[in-house]
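Engineer: mmCIF, C-alpha atoms, file target-v8.cif:
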data_entry
loop_
_atom_site.label_atom_id
_atom_site.label_comp_id
_atom_site.auth_asym_id
_atom_site.auth_seq_id
_atom_site.Cartn_x
_atom_site.Cartn_y
_atom_site.Cartn_z
CA GLY A 116 8.03 24.33 -15.51
CA THR A 117 9.70 22.56 -18.42
CA THR A 118 8.50 22.90 -22.00
CA ILE A 119 9.02 21.08 -25.28
CA ASP A 120 8.16 22.04 -28.83
CA PRO A 121 5.52 19.74 -30.39
CA THR A 122 7.77 19.06 -33.38
CA ALA A 123 10.64 18.09 -31.10
CA LEU A 124 8.31 15.92 -29.02
CA THR A 125 7.10 14.09 -32.12
CA ALA A 126 10.68 13.47 -33.26
CA ARG A 127 11.67 12.17 -29.83
CA ILE A 128 8.71 9.77 -29.64
CA GLU A 129 9.48 8.47 -33.14
CA GLU A 130 13.08 7.89 -32.09
CA LEU A 131 12.06 6.00 -28.96
CA THR A 132 9.47 3.81 -30.69
CA ARG A 133 11.99 2.82 -33.38
CA ALA A 134 14.64 2.00 -30.77
CA ALA A 135 12.21 -0.10 -28.70
CA GLY A 136 10.51 -1.83 -31.63
CA VAL A 137 7.10 -0.44 -30.70
CA GLN A 138 4.69 -1.08 -33.58
CA GLY A 139 1.95 1.30 -32.51
CA LEU A 140 1.46 4.05 -29.94
CA THR A 141 -0.77 7.05 -29.34
CA VAL A 142 0.33 9.93 -27.14
CA THR A 143 -1.88 12.65 -25.70
CA VAL A 144 -0.61 15.45 -23.48
CA PHE A 145 -2.82 17.51 -21.20
CA ASN A 146 -1.84 20.82 -19.62
CA ASP A 147 -4.08 21.83 -16.72
CA GLY A 148 -6.86 19.59 -18.01
CA GLU A 149 -6.65 20.89 -21.59
CA LYS A 150 -5.53 18.65 -24.45
CA VAL A 151 -2.51 20.29 -26.10
CA TYR A 152 -1.00 17.41 -28.08
CA SER A 153 -2.42 14.21 -29.54
CA ARG A 154 -0.83 12.04 -32.18
CA PRO A 155 -0.76 8.38 -33.32
CA PHE A 156 2.46 6.60 -34.23
CA GLY A 157 2.90 3.43 -36.23
CA PHE A 158 0.32 0.77 -36.97
CA ALA A 159 -2.81 -0.75 -35.50
CA ASN A 160 -1.83 -3.91 -37.37
CA LEU A 161 1.65 -4.17 -38.86
CA GLU A 162 0.79 -7.22 -41.01
CA THR A 163 -2.02 -5.41 -42.83
CA ARG A 164 -0.25 -2.03 -42.59
CA GLN A 165 -3.37 -0.55 -41.02
CA PRO A 166 -2.31 2.82 -39.64
CA LEU A 167 -3.04 3.76 -36.06
CA ARG A 168 -5.42 6.66 -35.40
CA THR A 169 -6.15 8.58 -32.22
CA GLY A 170 -9.61 6.99 -32.25
CA THR A 171 -8.39 3.42 -32.67
CA VAL A 172 -9.66 1.08 -29.94
CA PHE A 173 -6.96 -0.49 -27.75
CA TYR A 174 -7.13 -3.37 -25.32
CA GLY A 175 -7.01 -1.81 -21.86
CA ALA A 176 -5.66 -4.88 -20.02
CA SER A 177 -4.93 -4.01 -16.38
CA LEU A 178 -5.63 -0.32 -16.95
CA SER A 179 -9.17 -1.57 -16.41
CA LYS A 180 -8.34 -2.06 -12.72
CA ALA A 181 -8.04 1.71 -12.20
CA VAL A 182 -11.42 2.34 -13.85
CA PHE A 183 -13.00 -0.47 -11.82
CA SER A 184 -11.57 1.08 -8.64
CA VAL A 185 -13.24 4.41 -9.45
CA LEU A 186 -16.54 2.53 -9.83
CA VAL A 187 -16.07 0.86 -6.45
CA MET A 188 -15.29 4.16 -4.72
CA ARG A 189 -18.42 5.78 -6.19
CA LEU A 190 -20.43 2.92 -4.67
CA VAL A 191 -18.57 3.37 -1.37
CA GLU A 192 -19.50 7.07 -1.34
CA ARG A 193 -23.18 6.14 -1.68
CA GLY A 194 -22.99 3.51 1.05
CA VAL A 195 -23.62 0.58 -1.28
CA ILE A 196 -20.52 -1.21 -0.01
CA ASP A 197 -18.11 -0.85 2.92
CA LEU A 198 -14.49 -1.47 2.01
CA ASP A 199 -13.74 -3.12 5.36
CA LYS A 200 -16.74 -5.43 5.62
CA PRO A 201 -15.94 -9.03 4.62
CA LEU A 202 -17.37 -9.63 1.16
CA GLN A 203 -18.95 -12.92 2.27
CA ASP A 204 -21.20 -10.91 4.60
CA TYR A 205 -22.96 -9.34 1.60
CA VAL A 206 -24.37 -12.61 0.29
CA ASP A 207 -26.38 -15.41 1.84
CA GLU A 208 -24.81 -18.48 0.28
CA PRO A 209 -21.11 -19.28 0.68
CA LEU A 210 -19.11 -17.67 -2.10
CA TRP A 211 -17.34 -20.97 -2.81
CA ALA A 212 -20.71 -22.22 -4.10
CA ASN A 213 -20.61 -19.63 -6.89
CA ARG A 214 -20.09 -21.19 -10.31
CA GLY A 215 -21.44 -18.72 -12.88
CA GLU A 216 -20.93 -18.88 -16.63
CA ALA A 217 -17.45 -17.40 -16.99
CA TRP A 218 -14.29 -19.10 -15.70
CA HIS A 219 -13.57 -16.35 -13.16
CA GLU A 220 -16.98 -16.88 -11.54
CA ASN A 221 -16.15 -20.42 -10.47
CA LEU A 222 -15.06 -20.14 -6.82
CA GLY A 223 -15.50 -23.83 -5.98
CA ASP A 224 -11.82 -24.32 -5.20
CA LEU A 225 -12.20 -22.14 -2.09
CA ARG A 226 -14.53 -24.58 -0.35
CA GLY A 227 -11.89 -26.02 1.96
CA ASP A 228 -10.28 -22.71 2.96
CA GLU A 229 -12.34 -20.58 5.33
CA ARG A 230 -9.87 -17.69 5.03
CA TYR A 231 -11.83 -16.40 2.03
CA ARG A 232 -14.48 -15.24 4.51
CA ARG A 233 -12.08 -12.57 5.79
CA ILE A 234 -11.42 -10.95 2.42
CA THR A 235 -12.70 -7.37 2.12
CA GLY A 236 -13.09 -4.96 -0.76
CA ARG A 237 -10.09 -2.98 0.46
CA MET A 238 -7.94 -6.10 0.33
CA CYS A 239 -9.02 -6.79 -3.23
CA LEU A 240 -8.29 -3.23 -4.38
CA SER A 241 -4.93 -3.07 -2.57
CA HIS A 242 -3.75 -6.51 -3.76
CA THR A 243 -3.64 -7.99 -0.28
CA SER A 244 -6.41 -10.59 -0.72
CA GLY A 245 -4.00 -13.53 -0.70
CA PHE A 246 -5.07 -14.72 -4.15
CA PRO A 247 -2.50 -15.36 -6.90
CA ASN A 248 -2.51 -13.10 -9.92
CA TRP A 249 -4.46 -15.68 -11.94
CA ARG A 250 -5.31 -19.28 -11.16
CA TRP A 251 -3.84 -20.57 -14.42
CA TYR A 252 -0.37 -19.66 -13.15
CA GLU A 253 -0.81 -22.23 -10.39
CA PRO A 254 0.65 -25.73 -11.07
CA ASP A 255 -2.83 -27.28 -11.02
CA GLU A 256 -4.61 -24.14 -12.34
CA LYS A 257 -6.86 -24.06 -9.26
CA LEU A 258 -7.85 -20.95 -7.32
CA ARG A 259 -6.26 -20.80 -3.90
CA ILE A 260 -5.36 -18.37 -1.14
CA ARG A 261 -1.57 -18.20 -1.03
CA PHE A 262 -1.22 -16.17 2.20
CA ASP A 263 -3.48 -14.86 4.96
CA PRO A 264 -5.75 -12.11 3.63
CA GLY A 265 -4.42 -8.68 4.59
CA ALA A 266 -0.98 -10.01 5.60
CA ARG A 267 1.00 -8.59 2.69
CA TYR A 268 0.96 -7.37 -0.90
CA GLY A 269 0.60 -9.77 -3.80
CA TYR A 270 -0.60 -8.48 -7.18
CA SER A 271 -3.83 -10.24 -8.04
CA GLY A 272 -6.34 -10.04 -10.85
CA GLU A 273 -8.29 -12.77 -9.06
CA GLY A 274 -8.86 -10.37 -6.16
CA PHE A 275 -10.50 -7.88 -8.50
CA THR A 276 -12.78 -10.47 -10.09
CA PHE A 277 -13.67 -11.76 -6.60
CA LEU A 278 -14.87 -8.26 -5.72
CA GLN A 279 -16.62 -8.00 -9.09
CA ILE A 280 -18.67 -11.12 -8.34
CA VAL A 281 -19.88 -9.69 -5.03
CA LEU A 282 -20.71 -6.28 -6.54
CA GLU A 283 -22.78 -7.94 -9.24
CA LYS A 284 -24.68 -9.96 -6.63
CA LEU A 285 -25.12 -6.91 -4.42
CA THR A 286 -26.46 -4.61 -7.15
CA GLY A 287 -28.18 -7.15 -9.38
CA LYS A 288 -26.28 -5.72 -12.37
CA ARG A 289 -23.43 -7.02 -14.49
CA LEU A 290 -20.14 -5.17 -14.40
CA GLU A 291 -20.62 -3.72 -17.90
CA GLN A 292 -23.99 -2.25 -16.84
CA LEU A 293 -22.50 -0.72 -13.71
CA LEU A 294 -19.58 0.84 -15.55
CA ARG A 295 -21.75 2.21 -18.32
CA ALA A 296 -24.07 3.90 -15.83
CA GLU A 297 -21.46 5.08 -13.33
CA ILE A 298 -18.37 5.80 -15.43
CA PHE A 299 -18.57 5.50 -19.21
CA GLU A 300 -21.70 7.58 -19.89
CA PRO A 301 -21.17 10.28 -17.21
CA PHE A 302 -17.57 10.86 -18.34
CA GLY A 303 -18.22 10.64 -22.08
CA MET A 304 -16.18 7.44 -22.57
CA VAL A 305 -18.16 6.49 -25.66
CA THR A 306 -15.66 3.94 -27.02
CA SER A 307 -14.94 2.19 -23.71
CA SER A 308 -16.29 -1.20 -22.72
CA TYR A 309 -15.35 -4.23 -20.65
CA THR A 310 -16.85 -6.55 -23.25
CA TRP A 311 -16.15 -6.66 -26.98
CA GLN A 312 -18.57 -4.55 -29.02
CA PRO A 313 -19.34 -5.08 -32.73
CA ARG A 314 -18.56 -1.41 -33.39
CA PHE A 315 -14.92 -2.05 -32.40
CA GLU A 316 -14.43 -4.21 -35.52
CA GLN A 317 -14.03 -1.11 -37.70
CA ASP A 318 -10.85 0.17 -36.05
CA TYR A 319 -8.97 -1.68 -33.34
CA ALA A 320 -5.32 -2.30 -32.51
CA VAL A 321 -3.86 -5.77 -32.12
CA GLY A 322 -0.96 -6.74 -29.90
CA HIS A 323 2.40 -7.35 -31.55
CA ARG A 324 5.12 -9.82 -30.62
CA VAL A 325 8.77 -8.79 -30.45
CA ASN A 326 9.28 -9.95 -34.05
CA GLY A 327 6.35 -7.84 -35.28
CA THR A 328 3.85 -10.65 -35.81
CA VAL A 329 0.41 -10.06 -34.37
CA TYR A 330 -1.50 -11.74 -31.58
CA PRO A 331 -4.95 -12.99 -32.64
CA LYS A 332 -7.91 -10.94 -31.47
#
Since I need it in another form, could you write the structure as structure tokens?

Structural biologist:
Amino acid sequence: GTTIDPTALTARIEELTRAAGVQGLTVTVFNDGEKVYSRPFGFANLETRQPLRTGTVFYGASLSKAVFSVLVMRLVERGVIDLDKPLQDYVDEPLWANRGEAWHENLGDLRGDERYRRITGRMCLSHTSGFPNWRWYEPDEKLRIRFDPGARYGYSGEGFTFLQIVLEKLTGKRLEQLLRAEIFEPFGMVTSSYTWQPRFEQDYAVGHRVNGTVYPK
């Protein structure tokens, strides 16, 4: 039941971004599904002084996990996948034999640990797969299961890519194809993608370090 004047909201956001050293930010407010406020603040690239716009493309980082989860649940609704069926049961060859082209597709390190056979889609989505967040945080940078699947919570990007690999095998489509057909196009997400698109070059935001210098694209 609270309200705020748009001018006051803008002033407050500007105050907060200055105090926190935030170089760029866009804010959109929806009331009952209707957009009532949308404004960019700061820069897409501080070094080049490129201003931020509401249409500027941002890296989604782990916000992509929420979108991926919606995709999975749409496939669950259609009976394509069961969240509680071990993912190994969906493919013929052992998943540890998967190598692929991208680093996350190489599951060879799991060969000596049969616990991977118990991992389900639900475990991957709820961060209870037993995988670390990413293998490169491990001392030897190898993929391993750190605790029994389903035993407890442990935030894991590896769990999501493990599920991604199985979904791609199960459907015969790459993740980008699945998302475009199931999420991006139906919901009008015309500037969203899980892979870099040439059209993004025209207007994208870079990450900034604490001192204001930019991370390379």

Engineer: So which residues fall inside 7 Å of (-21.3, -1.2, -8.2) if we count only C-alpha atoms? Mind giving them as a PyMOL selection string?

Structural biologist: chain A and resi 186-187+190+282-283+286+293

Engineer: Calculated over only C-alpha atoms, which of the candidates A:Gly265, A:Arg133, A:Val281, A:Val151 has the smallest distance to Asp204 (chain A)?

Structural biologist: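 Using only C-alpha atoms, the shortest distance to Asp204 (chain A) belongs to A:Val281.
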
Engineer: Nearest residue to Arg233 (chain A) out of A:Lys200, A:Phe246, A:Glu216, A:Ser177, using only C-alpha atoms?

Structural biologist: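 Residue with the minimum atom-to-atom distance to Arg233 (chain A): A:Lys200.
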
Engineer: Excluding Pro209 (chain A) and residues on its chain fewer than 5 positions from it, collect all residues at most 9 Å away from it, counting all atoms listed in the file, and give them as a ChimeraX atom specification.

Structural biologist: /A:203,226,232

Engineer: For a test of reading the model, state the distance in Å between CA of Asn160 (chain A) and CA of Thr132 (chain A), rounded to one decimal.

Structural biologist: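 Separating CA of Asn160 (chain A) from CA of Thr132 (chain A) is a distance of 15.2 Å.
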
Engineer: Would you work out the distance separating CA of Pro313 (chain A) from CA of Trp251 (chain A), expressed in Å to one decimal?

Structural biologist: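 Spanning CA of Pro313 (chain A) to CA of Trp251 (chain A) is a straight-line distance of 28.6 Å.
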
Engineer: Tell me, in Å to one decimal, how far CA of Thr171 (chain A) is from CA of Met188 (chain A).

Structural biologist: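 It comes out at 28.8 Å.
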
Engineer: Here is a test: counting only C-alpha atoms, which residue of A:Ile280, A:Gly272, A:Leu140, A:Arg127 is nearest to Ala217 (chain A)?

Structural biologist: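 Closest to Ala217 (chain A), using only C-alpha atoms: A:Ile280.
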
Engineer: Pick from A:Gly269, A:Gly274, A:Gly287, A:Gly175: nearest to Thr306 (chain A), with only C-alpha atoms counted?

Structural biologist: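 Of A:Gly269, A:Gly274, A:Gly287, A:Gly175, the one nearest Thr306 (chain A) is A:Gly175, counting only C-alpha atoms.
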
Engineer: From (-12.2, -5.6, -30.4), in the file's coordinates, out to 12 Å: which residues are reached, counting all atoms listed in the file? Answer as a list in words.

Structural biologist: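 Answer for this query, in the requested form: Ala159, Thr171, Val172, Phe173, Tyr174, Gly175, Thr306, Ser307, Ser308, Tyr309, Thr310, Trp311, Gln312, Pro313, Arg314, Phe315, Glu316, Gln317, Asp318, Tyr319, Ala320, Val321, Gly322, Pro331 and Lys332 of chain A.
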
Engineer: Find the residue from A:Leu178, A:Leu240, A:Ala296, A:Leu124 that sits nearest to Leu278 (chain A); use all atoms listed in the file when measuring.

Structural biologist: A:Leu240

Engineer: Would you kindly return, as a count of residues only, each protein, DNA or RNA residue with an atom no farther than 6 Å from any atom of Pro264 (chain A), considering all atoms listed in the file and excluding same-chain residues fewer than 3 positions away?

Structural biologist: 3
